[in-house]
Structure formats: structure tokens, C-alpha cells
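> Next comes structure.txt, compact mmCIF, C-alpha atoms:
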# COMPACT_ATOMS: atom_id res chain seq x y z
CA ASP A 1 0.00 0.00 0.00
CA THR A 2 1.02 3.59 -0.53
CA VAL A 3 1.29 5.82 2.54
CA HIS A 4 -2.16 7.31 1.87
CA ASN A 5 -4.61 5.36 -0.27
CA ARG A 6 -6.07 8.45 -1.85
CA LEU A 7 -5.41 10.86 -4.70
CA PRO A 8 -3.71 14.00 -3.34
CA ILE A 9 -3.93 17.25 -5.33
CA GLU A 10 -2.05 20.36 -4.23
CA VAL A 11 -4.38 23.34 -4.68
CA MET A 12 -1.94 26.07 -3.64
CA ARG A 13 1.57 26.61 -2.36
CA GLY A 14 2.48 29.05 0.37
CA CYS A 15 0.27 30.33 3.17
CA THR A 16 -1.54 33.50 4.22
CA VAL A 17 -1.14 32.96 7.97
CA GLY A 18 2.60 33.11 8.76
CA CYS A 19 2.70 31.02 11.95
CA ARG A 20 6.04 31.69 13.65
CA PHE A 21 6.89 27.99 14.07
CA CYS A 22 6.13 26.90 10.49
CA GLN A 23 9.13 26.53 8.17
CA ALA A 24 6.98 25.67 5.15
CA GLY A 25 4.93 28.83 5.59
CA MET A 26 8.16 30.87 5.45
CA ILE A 27 10.10 29.18 2.64
CA TYR A 28 7.20 28.49 0.23
CA ARG A 29 6.35 32.15 -0.19
CA PRO A 30 4.81 33.82 -2.14
CA LEU A 31 1.30 32.35 -2.13
CA ARG A 32 0.39 30.73 -5.47
CA GLU A 33 -2.97 29.18 -6.30
CA ARG A 34 -3.71 26.63 -9.00
CA SER A 35 -6.68 27.46 -11.20
CA PRO A 36 -9.90 25.50 -10.55
CA LYS A 37 -9.75 24.25 -14.16
CA ARG A 38 -6.27 22.80 -13.62
CA ILE A 39 -7.32 21.14 -10.35
CA LEU A 40 -10.40 19.61 -11.98
CA ASP A 41 -8.29 18.33 -14.90
CA LEU A 42 -5.80 16.73 -12.47
CA ALA A 43 -8.65 15.14 -10.50
CA ARG A 44 -10.28 13.64 -13.59
CA CYS A 45 -6.96 12.32 -14.89
CA GLY A 46 -5.78 10.98 -11.53
CA LEU A 47 -9.03 9.25 -10.61
CA SER A 48 -9.44 7.62 -14.01
CA SER A 49 -5.82 6.41 -13.95
CA THR A 50 -5.72 5.00 -10.41
CA GLY A 51 -9.10 3.80 -9.19
CA PHE A 52 -8.74 5.65 -5.88
CA GLU A 53 -11.97 6.17 -3.94
CA ASP A 54 -10.70 9.17 -1.99
CA LEU A 55 -9.60 12.59 -3.23
CA SER A 56 -7.77 15.01 -0.95
CA LEU A 57 -7.19 18.72 -1.65
CA LEU A 58 -3.87 19.66 -0.07
CA SER A 59 -2.06 22.82 0.95
CA LEU A 60 -0.72 24.33 4.14
CA TYR A 61 -4.17 25.84 4.73
CA THR A 62 -6.71 24.51 2.23
CA GLY A 63 -9.51 26.66 3.65
CA ASP A 64 -7.74 29.78 2.39
CA TYR A 65 -7.98 28.73 -1.27
CA THR A 66 -9.97 31.57 -2.84
CA LEU A 67 -12.53 29.45 -4.69
CA ILE A 68 -12.67 26.50 -2.27
CA ASP A 69 -16.48 26.41 -2.08
CA PRO A 70 -17.33 26.37 -5.84
CA LEU A 71 -14.36 24.06 -6.51
CA THR A 72 -15.54 21.56 -3.89
CA LYS A 73 -19.11 21.65 -5.21
CA GLN A 74 -17.93 20.94 -8.77
CA LEU A 75 -15.67 18.06 -7.62
CA LEU A 76 -18.52 16.54 -5.64
CA LYS A 77 -20.86 16.89 -8.60
CA GLU A 78 -18.44 14.96 -10.82
CA THR A 79 -17.46 12.26 -8.29
CA GLN A 80 -20.61 11.45 -6.30
CA GLU A 81 -21.93 8.96 -8.84
CA LYS A 82 -18.75 6.90 -8.41
CA LYS A 83 -18.94 7.21 -4.60
CA ILE A 84 -15.59 9.00 -4.41
CA ALA A 85 -15.08 10.85 -1.12
CA VAL A 86 -13.55 14.33 -1.04
CA SER A 87 -11.53 15.34 2.03
CA LEU A 88 -10.30 18.83 2.87
CA PRO A 89 -7.72 18.93 5.64
CA SER A 90 -6.71 22.21 7.31
CA LEU A 91 -10.01 24.03 6.98
CA ARG A 92 -10.56 27.44 8.48
CA ALA A 93 -13.92 28.09 10.16
CA GLY A 94 -16.40 29.56 7.71
CA SER A 95 -14.46 28.59 4.58
CA LEU A 96 -17.17 26.13 3.48
CA THR A 97 -20.90 26.73 3.35
CA ASP A 98 -23.32 24.44 5.16
CA ASP A 99 -24.59 23.38 1.74
CA THR A 100 -21.14 22.13 0.71
CA ILE A 101 -20.65 20.33 4.05
CA ARG A 102 -23.94 18.52 3.43
CA GLU A 103 -22.77 17.57 -0.08
CA ILE A 104 -19.50 16.11 1.28
CA LYS A 105 -21.49 14.00 3.74
CA ARG A 106 -23.69 12.51 1.03
CA VAL A 107 -20.83 10.34 -0.27
CA ARG A 108 -18.87 9.54 2.87
CA LYS A 109 -18.02 11.52 5.98
CA THR A 110 -14.26 12.11 5.84
CA GLY A 111 -12.35 13.29 8.89
CA PHE A 112 -12.35 16.86 10.15
CA THR A 113 -9.23 18.30 11.72
CA ILE A 114 -8.62 21.57 13.55
CA ALA A 115 -5.12 22.66 14.59
CA PRO A 116 -5.35 25.24 17.40
CA GLU A 117 -1.67 24.38 18.19
CA ALA A 118 -1.90 26.10 21.61
CA GLY A 119 -4.50 25.93 24.35
CA SER A 120 -4.79 29.64 25.12
CA GLN A 121 -5.46 32.71 23.00
CA ARG A 122 -2.41 34.39 24.59
CA LEU A 123 -0.06 31.69 23.37
CA ARG A 124 -1.75 31.54 19.95
CA ASP A 125 -1.00 35.25 19.62
CA VAL A 126 2.65 34.57 20.54
CA ILE A 127 2.98 31.97 17.76
CA ASN A 128 0.82 34.02 15.35
CA LYS A 129 -1.74 31.24 14.94
CA ASN A 130 -4.67 33.18 13.58
CA ILE A 131 -7.56 31.17 15.03
CA SER A 132 -9.81 32.05 17.97
CA ASP A 133 -11.83 29.89 20.35
CA GLU A 134 -14.99 31.29 18.76
CA GLU A 135 -13.90 30.12 15.29
CA ILE A 136 -13.06 26.67 16.65
CA PHE A 137 -16.44 26.37 18.37
CA GLU A 138 -18.24 27.62 15.24
CA THR A 139 -16.59 24.90 13.15
CA VAL A 140 -17.43 22.22 15.71
CA GLU A 141 -21.06 23.35 15.86
CA ARG A 142 -21.40 23.23 12.08
CA VAL A 143 -19.69 19.86 11.66
CA SER A 144 -21.53 18.12 14.50
CA SER A 145 -24.89 19.55 13.45
CA GLN A 146 -24.33 18.04 9.98
CA GLY A 147 -23.90 14.54 11.39
CA TRP A 148 -20.15 14.14 11.88
CA THR A 149 -19.27 12.04 14.92
CA SER A 150 -15.59 12.86 15.49
CA ILE A 151 -12.93 15.52 15.15
CA LYS A 152 -9.17 15.73 15.73
CA LEU A 153 -7.49 18.60 17.56
CA TYR A 154 -3.75 19.13 17.00
CA PHE A 155 -1.55 20.81 19.61
CA MET A 156 2.15 21.22 20.38
CA VAL A 157 4.05 21.64 23.64
CA GLY A 158 7.29 23.56 24.07
CA PHE A 159 6.39 26.96 22.61
CA PRO A 160 8.32 29.96 23.97
CA THR A 161 6.58 31.43 27.07
CA GLU A 162 4.39 28.31 27.51
CA THR A 163 3.13 27.84 31.08
CA LYS A 164 1.02 25.33 33.00
CA SER A 165 -2.06 27.47 32.36
CA ASP A 166 -1.52 27.02 28.60
CA LEU A 167 -1.48 23.24 29.07
CA ASP A 168 -4.65 23.50 31.15
CA GLY A 169 -6.10 25.51 28.26
CA ILE A 170 -5.66 22.48 25.97
CA VAL A 171 -7.69 20.37 28.41
CA ASP A 172 -10.41 23.02 28.77
CA LEU A 173 -10.65 23.55 25.01
CA ALA A 174 -10.91 19.83 24.21
CA LEU A 175 -13.62 19.30 26.83
CA LYS A 176 -15.62 22.31 25.64
CA VAL A 177 -15.38 21.10 22.02
CA ARG A 178 -16.80 17.71 23.02
CA ARG A 179 -19.51 19.32 25.16
CA LEU A 180 -20.63 21.56 22.28
CA ALA A 181 -20.58 18.73 19.74
CA ARG A 182 -22.55 16.34 21.93
CA ARG A 183 -25.50 18.70 21.88
CA HIS A 184 -25.93 17.45 18.29
CA GLU A 185 -24.26 14.00 18.38
CA LYS A 186 -24.40 12.26 21.77
CA ASP A 187 -21.50 9.90 20.95
CA PHE A 188 -19.26 12.56 19.39
CA GLU A 189 -15.57 11.75 19.92
CA VAL A 190 -12.69 14.21 20.23
CA THR A 191 -9.10 13.04 19.72
CA VAL A 192 -6.30 15.25 21.06
CA SER A 193 -2.99 14.85 19.25
CA VAL A 194 0.13 16.39 20.82
CA GLY A 195 3.63 16.90 19.43
CA THR A 196 6.75 18.76 20.53
CA LEU A 197 7.78 22.07 18.97
CA VAL A 198 10.92 21.68 16.87
CA PRO A 199 12.25 25.23 16.28
CA LYS A 200 13.10 25.31 12.57
CA PRO A 201 15.69 27.36 10.66
CA HIS A 202 14.30 30.30 8.66
CA THR A 203 11.48 30.80 11.17
CA PRO A 204 11.17 33.47 13.93
CA PHE A 205 11.65 30.72 16.54
CA GLN A 206 14.94 29.45 15.08
CA TRP A 207 16.97 30.92 17.98
CA ASP A 208 14.79 29.37 20.71
CA ALA A 209 15.85 26.23 22.54
CA GLN A 210 13.93 23.02 22.01
CA ILE A 211 12.69 21.56 25.29
CA SER A 212 14.34 18.34 26.45
CA THR A 213 12.80 14.92 25.85
CA ASP A 214 12.18 14.54 29.60
CA GLU A 215 10.40 17.90 29.82
CA SER A 216 8.39 17.16 26.69
CA LEU A 217 7.30 13.81 28.12
CA ARG A 218 6.41 15.44 31.44
CA ARG A 219 4.10 17.96 29.73
CA MET A 220 2.49 15.30 27.54
CA ARG A 221 1.88 13.00 30.51
CA TYR A 222 0.35 15.91 32.39
CA LEU A 223 -2.18 16.30 29.55
CA VAL A 224 -2.87 12.55 29.45
CA ASP A 225 -3.43 12.46 33.23
CA ARG A 226 -5.74 15.49 33.09
CA LEU A 227 -7.83 14.09 30.22
CA ARG A 228 -7.95 10.42 31.25
CA PRO A 229 -10.78 10.83 33.80
CA TYR A 230 -12.95 12.27 31.02
CA HIS A 231 -12.27 9.27 28.71
CA LEU A 232 -10.90 11.55 26.03
CA ALA A 233 -8.45 10.00 23.53
CA VAL A 234 -4.94 11.46 23.58
CA LYS A 235 -2.18 10.61 21.12
CA TYR A 236 1.31 12.03 21.39
CA TRP A 237 4.39 11.93 19.22
CA ASP A 238 7.50 10.29 20.71
CA PRO A 239 9.66 13.14 22.14
CA LYS A 240 12.80 11.18 21.22
CA SER A 241 11.77 11.29 17.56
CA SER A 242 11.19 15.06 17.89
CA TRP A 243 14.64 15.44 19.50
CA LEU A 244 16.22 13.68 16.51
CA GLU A 245 14.23 15.92 14.16
CA GLY A 246 15.62 18.93 16.03
CA VAL A 247 19.19 17.70 15.60
CA LEU A 248 18.75 17.02 11.88
CA THR A 249 16.86 20.23 11.05
CA ARG A 250 19.54 22.43 12.65
CA GLY A 251 22.49 20.38 11.42
CA ASP A 252 24.69 20.92 8.37
CA ARG A 253 26.62 18.64 5.99
CA ARG A 254 28.67 17.25 8.88
CA LEU A 255 25.62 15.15 9.78
CA ALA A 256 25.74 13.31 6.42
CA PRO A 257 28.17 10.60 7.65
CA VAL A 258 26.07 10.24 10.83
CA ILE A 259 22.97 9.51 8.73
CA ALA A 260 24.94 7.11 6.53
CA ALA A 261 26.30 5.29 9.59
CA ALA A 262 22.79 5.00 11.08
CA GLU A 263 21.50 3.52 7.83
CA SER A 264 24.37 1.02 7.77
CA ALA A 265 23.48 0.06 11.34
CA GLY A 266 19.95 -0.82 10.28
CA CYS A 267 17.95 2.40 10.64
CA ALA A 268 15.23 2.84 8.03
CA PHE A 269 11.68 4.24 7.82
CA ASP A 270 12.35 6.14 11.05
CA SER A 271 9.24 8.33 10.73
CA TRP A 272 7.14 5.20 11.32
CA THR A 273 7.03 4.56 15.06
CA GLU A 274 7.30 0.78 14.71
CA HIS A 275 10.64 1.18 12.84
CA PHE A 276 12.19 3.99 14.94
CA GLN A 277 15.38 2.82 16.68
CA TYR A 278 16.35 5.62 19.05
CA ASP A 279 19.33 3.82 20.60
CA THR A 280 20.82 2.97 17.19
How does this structure look as C-alpha cells?

Amino acid sequence: DTVHNRLPIEVMRGCTVGCRFCQAGMIYRPLRERSPKRILDLARCGLSSTGFEDLSLLSLYTGDYTLIDPLTKQLLKETQEKKIAVSLPSLRAGSLTDDTIREIKRVRKTGFTIAPEAGSQRLRDVINKNISDEEIFETVERVSSQGWTSIKLYFMVGFPTETKSDLDGIVDLALKVRRLARRHEKDFEVTVSVGTLVPKPHTPFQWDAQISTDESLRRMRYLVDRLRPYHLAVKYWDPKSSWLEGVLTRGDRRLAPVIAAAESAGCAFDSWTEHFQYDT
């Protein structure tokens, strides 16, 4: 199997947000959008050539694509007969109309993901993540009222100026999201996914220290312990893998022989948790 059994189509490159932790948002400037005609042509060609039953529109922030609503409606019109599902990751609240959300649901309910990144508005302002609690709650209300039964929330720990109250904000936000959604869907599930900030070169945070693996694990376990009594699913990325990412992203050509030696020692597919050999 391929990594994702779906047809991915990049709708634009670059981003309008400028989050201070995001390397891609900095180095893929300026923003460039593909024309709807080109996207539709790629979809028709790709689907007829592969037999995929899922189509995903990709970018750093798909919801910011100027013509996302009419494009989605046209794709759904052409693919519904073949029962091909259309997924749109990284949606901003209000970027799709209720009518389009209903159309997506008619084929198959694909996953909805929101990435608040931080638990408090204060910290979101620090990292320049342009999303408010109100926008998050609006999206949850719309999705749950249209029959969706789950949503994923993505966060990171280790941002500059992060405090315990910011971690508590993640817990409060996740619980409020579930409470709002369950007014429409009584079994609505919220999954909290947590990673560690890796300060990347060419971003405003490139001079900040990355927190240690022990500290990262402590903060993640704090979140797990806080959310466990509420039976809320929490997934977190191995801090040791994030530490290695930090070493590699800040390193230069002197790391080439290190990577070659690790490969010779049996390291491969390290981004897949079941293959990651930290000690090696």
C-alpha cells in the first residue's frame, strides 16, 4: 500500500497565515494558487488512472484557497456517482458553506481536523496562529450539526513562554469542544494529538531552545493524566523522535556521515514509530 490510499492534489503553495513555528509557511512564499480548471483536470486524470476512492485537496491551509467552495461543489458533482469521497484537511472556520458540508457528507463523511496548536489565545497570539476559540467552536457546531461524529485537535508543547495554564487551556478547550458537539451527536468523539515544537531554521523561533525529551514527556503526561478521567483520547508523538528531528533540522553537511552510519546500522523508515530505533 502507498502511505495514503487516496489521490492527493495540491491546490496552492504558500500560506496566508505566517505562523512563527512553520518553516513551510516561510520558505514556500509567495502564495500561489492553482486554477480550478487545472485542479479539476488533475482530479479527472488521476481518478481515471488510479481507481482511488478518496480525493484530498492539499495545501498548508486549504480553507484559504480563494474558490474553495465552488471548486468543492464541482468536484462533488463529478465524483458522487462513483462514490468517491472528497476530504479537505486544514479548513478554516467559515471557509465552506453548510450546503457544501452537506454535499460532502452525502458520499462519505471524511475526517475533520482543527489545529489550534496552543491551548490559550495568549499563546496563539505569541505563535501568530490566527484562530480564535470562537472560530473553533463555530466549526465544531457546524460539523456536528451536519452529522459528523468525530474531530481531531492538534496541539504542540514547548512553545516559547508556555506555562502550565496554557497546558490547562488544551484540556479546557478539548472538553468544551466535546460538550458543544454532543448537543448534536451524543457519541461525538474528540481526539487530542500532541507533538513537541521543533524550532526550525528560517522561522522566527529558530533561535529558541527546544525543550528536552524529559520535559516534553512530562508535559504530555500531564495532559494525558488530566484528560484520562474524562475518557478523552490522547495521542502524542514520541519526544525522542522530535529530539532527533531537532538535531537534523539544525544540522549541516557534517551530519551526512552520521545519517549514513545509522543507515548502515539498520535504521530505516524512522518516521514510522514501529521502525524507529532511538538507541541505534
> Could you name the residues that touch Asp279 of chain A at 12 Å or less, counting all atoms listed in the file, but leaving out those on the same chain fewer than 3 positions away, as a VMD selection string?
chain A and resid 240 to 241 244 262 265 to 267 275 to 276
> Report the distance between atom CA of Val86 of chain A and atom CA of Val140 of chain A in Å, rounded to one decimal place.
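Between atom CA of Val86 of chain A and atom CA of Val140 of chain A the gap is 18.9 Å.
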> Just give me the residues with any atom within 12 Å of (7.6, 30.2, 9.9), file coordinates, counting only C-alpha atoms, written as a list in words.
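Every polymer residue passing the test: Gly14, Cys15, Thr16, Val17, Gly18, Cys19, Arg20, Phe21, Cys22, Gln23, Ala24, Gly25, Met26, Ile27, Tyr28, Arg29, Leu60, Ile127, Asn128, Lys129, Val198, Pro199, Lys200, Pro201, His202, Thr203, Pro204, Phe205 and Gln206 of chain A.
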> Keeping C-alpha atoms for every residue in the selection just given, could you write it to a file as a CSV table (one decimal), keeping the file's coordinate frame?

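What landed in again.csv:
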chain,number,residue,atom,x,y,z
A,14,GLY,CA,2.5,29.0,0.4
A,15,CYS,CA,0.3,30.3,3.2
A,16,THR,CA,-1.5,33.5,4.2
A,17,VAL,CA,-1.1,33.0,8.0
A,18,GLY,CA,2.6,33.1,8.8
A,19,CYS,CA,2.7,31.0,12.0
A,20,ARG,CA,6.0,31.7,13.6
A,21,PHE,CA,6.9,28.0,14.1
A,22,CYS,CA,6.1,26.9,10.5
A,23,GLN,CA,9.1,26.5,8.2
A,24,ALA,CA,7.0,25.7,5.2
A,25,GLY,CA,4.9,28.8,5.6
A,26,MET,CA,8.2,30.9,5.4
A,27,ILE,CA,10.1,29.2,2.6
A,28,TYR,CA,7.2,28.5,0.2
A,29,ARG,CA,6.4,32.2,-0.2
A,60,LEU,CA,-0.7,24.3,4.1
A,127,ILE,CA,3.0,32.0,17.8
A,128,ASN,CA,0.8,34.0,15.4
A,129,LYS,CA,-1.7,31.2,14.9
A,198,VAL,CA,10.9,21.7,16.9
A,199,PRO,CA,12.2,25.2,16.3
A,200,LYS,CA,13.1,25.3,12.6
A,201,PRO,CA,15.7,27.4,10.7
A,202,HIS,CA,14.3,30.3,8.7
A,203,THR,CA,11.5,30.8,11.2
A,204,PRO,CA,11.2,33.5,13.9
A,205,PHE,CA,11.6,30.7,16.5
A,206,GLN,CA,14.9,29.4,15.1
> Find the residues around segment 142-153 of chain A up to 9 Å (all atoms listed in the file counted), leave out those fewer than 4 positions away in its own chain, and share them as a PyMOL selection string.
chain A and resi 98+101-102+105+109-117+137-138+174+180-194
> For C-alpha atoms, I'd like the residues from the last selection saved as a tab-separated table (two decimals), in the frame of the given file.

chain	number	residue	atom	x	y	z
A	98	ASP	CA	-23.32	24.44	5.16
A	101	ILE	CA	-20.65	20.33	4.05
A	102	ARG	CA	-23.94	18.52	3.43
A	105	LYS	CA	-21.49	14.00	3.74
A	109	LYS	CA	-18.02	11.52	5.98
A	110	THR	CA	-14.26	12.11	5.84
A	111	GLY	CA	-12.35	13.29	8.89
A	112	PHE	CA	-12.35	16.86	10.15
A	113	THR	CA	-9.23	18.30	11.72
A	114	ILE	CA	-8.62	21.57	13.55
A	115	ALA	CA	-5.12	22.66	14.59
A	116	PRO	CA	-5.35	25.24	17.40
A	117	GLU	CA	-1.67	24.38	18.19
A	137	PHE	CA	-16.44	26.37	18.37
A	138	GLU	CA	-18.24	27.62	15.24
A	174	ALA	CA	-10.91	19.83	24.21
A	180	LEU	CA	-20.63	21.56	22.28
A	181	ALA	CA	-20.58	18.73	19.74
A	182	ARG	CA	-22.55	16.34	21.93
A	183	ARG	CA	-25.50	18.70	21.88
A	184	HIS	CA	-25.93	17.45	18.29
A	185	GLU	CA	-24.26	14.00	18.38
A	186	LYS	CA	-24.40	12.26	21.77
A	187	ASP	CA	-21.50	9.90	20.95
A	188	PHE	CA	-19.26	12.56	19.39
A	189	GLU	CA	-15.57	11.75	19.92
A	190	VAL	CA	-12.69	14.21	20.23
A	191	THR	CA	-9.10	13.04	19.72
A	192	VAL	CA	-6.30	15.25	21.06
A	193	SER	CA	-2.99	14.85	19.25
A	194	VAL	CA	0.13	16.39	20.82
> Restricting the calculation to only C-alpha atoms: of A:Gly63, A:Glu263, A:Leu71, A:Gly251, which residue gets closest to Lys37 of chain A?
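The closest residue to Lys37 of chain A is A:Leu71.
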> Let me make sure I understand: among A:Thr66, A:Ser87, A:Gln74, A:Ser165, which one has the smallest atom-to-atom distance to Leu123 of chain A if we use only C-alpha atoms?
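Ranking A:Thr66, A:Ser87, A:Gln74, A:Ser165 by distance to Leu123 of chain A, first place goes to A:Ser165.
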> Residues within 8 Å of Val171 of chain A, please, as a list in words. Count only C-alpha atoms; anything in the same chain fewer than 2 positions from it doesn't count.
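Final neighbour list, sorted by chain and number: Gly119, Leu167, Asp168, Gly169, Leu173, Ala174, Leu175, Leu223, Arg226 and Leu227 of chain A.
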> Compute the distance from (1.4, 23.7, -3.3) to each atom, counting all atoms listed in the file, keep the residues with any atom at most 8 Å away, and return them as a PyMOL selection string; use the coordinates of the file.
chain A and resi 10-14+32-33+58-60
> So the first atom is atom CA of Leu197 of chain A and the second is atom CA of Arg124 of chain A; what is the distance between them in Å, to one decimal place?
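Result for atom CA of Leu197 of chain A versus atom CA of Arg124 of chain A: 13.5 Å, one decimal.
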> What's around Thr72 of chain A at 9 Å? Count all atoms listed in the file, leave out sequence neighbours fewer than 3 positions away in its own chain, and write the answer as a PyMOL selection string.
chain A and resi 67-69+75-77+86+88+96+100+104
> Hey, can you check how far atom CA of Val224 of chain A sits from atom CA of Tyr278 of chain A?
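Separating atom CA of Val224 of chain A from atom CA of Tyr278 of chain A is a distance of 22.9 Å.
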> Pick the closest to Val234 of chain A from A:Arg221, A:His4, A:Arg250, A:Lys82: which is it, counting all atoms listed in the file?
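For Val234 of chain A, the nearest of the candidates is A:Arg221.
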> Build an axis-aligned box that encloses every atom of segment 219-226 of chain A listed in the file, pad it by 4 Å on each side, and report its centre and edge lengths in Å to one decimal, as JSON.

{"center_x": -0.8, "center_y": 15.2, "center_z": 30.4, "size_x": 17.8, "size_y": 13.5, "size_z": 13.7}
> If we count all atoms listed in the file and set the cut-off at 10 Å, which residues sit around Ile9 of chain A, ignoring sequence neighbours fewer than 3 positions away in its own chain? Please answer as a list in words.
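Close residues of Ile9 of chain A: Arg6, Met12, Ile39, Leu40, Leu42, Ala43, Gly46, Leu55, Ser56, Leu57, Leu58 and Ser59 of chain A.
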> Select, from A:Arg34, A:Asp166, A:Glu53, A:Thr97, the residue with the minimum atom-to-atom distance to Ala85 of chain A, counting only C-alpha atoms.
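Going through A:Arg34, A:Asp166, A:Glu53, A:Thr97 one by one, the smallest distance to Ala85 of chain A is for A:Glu53.
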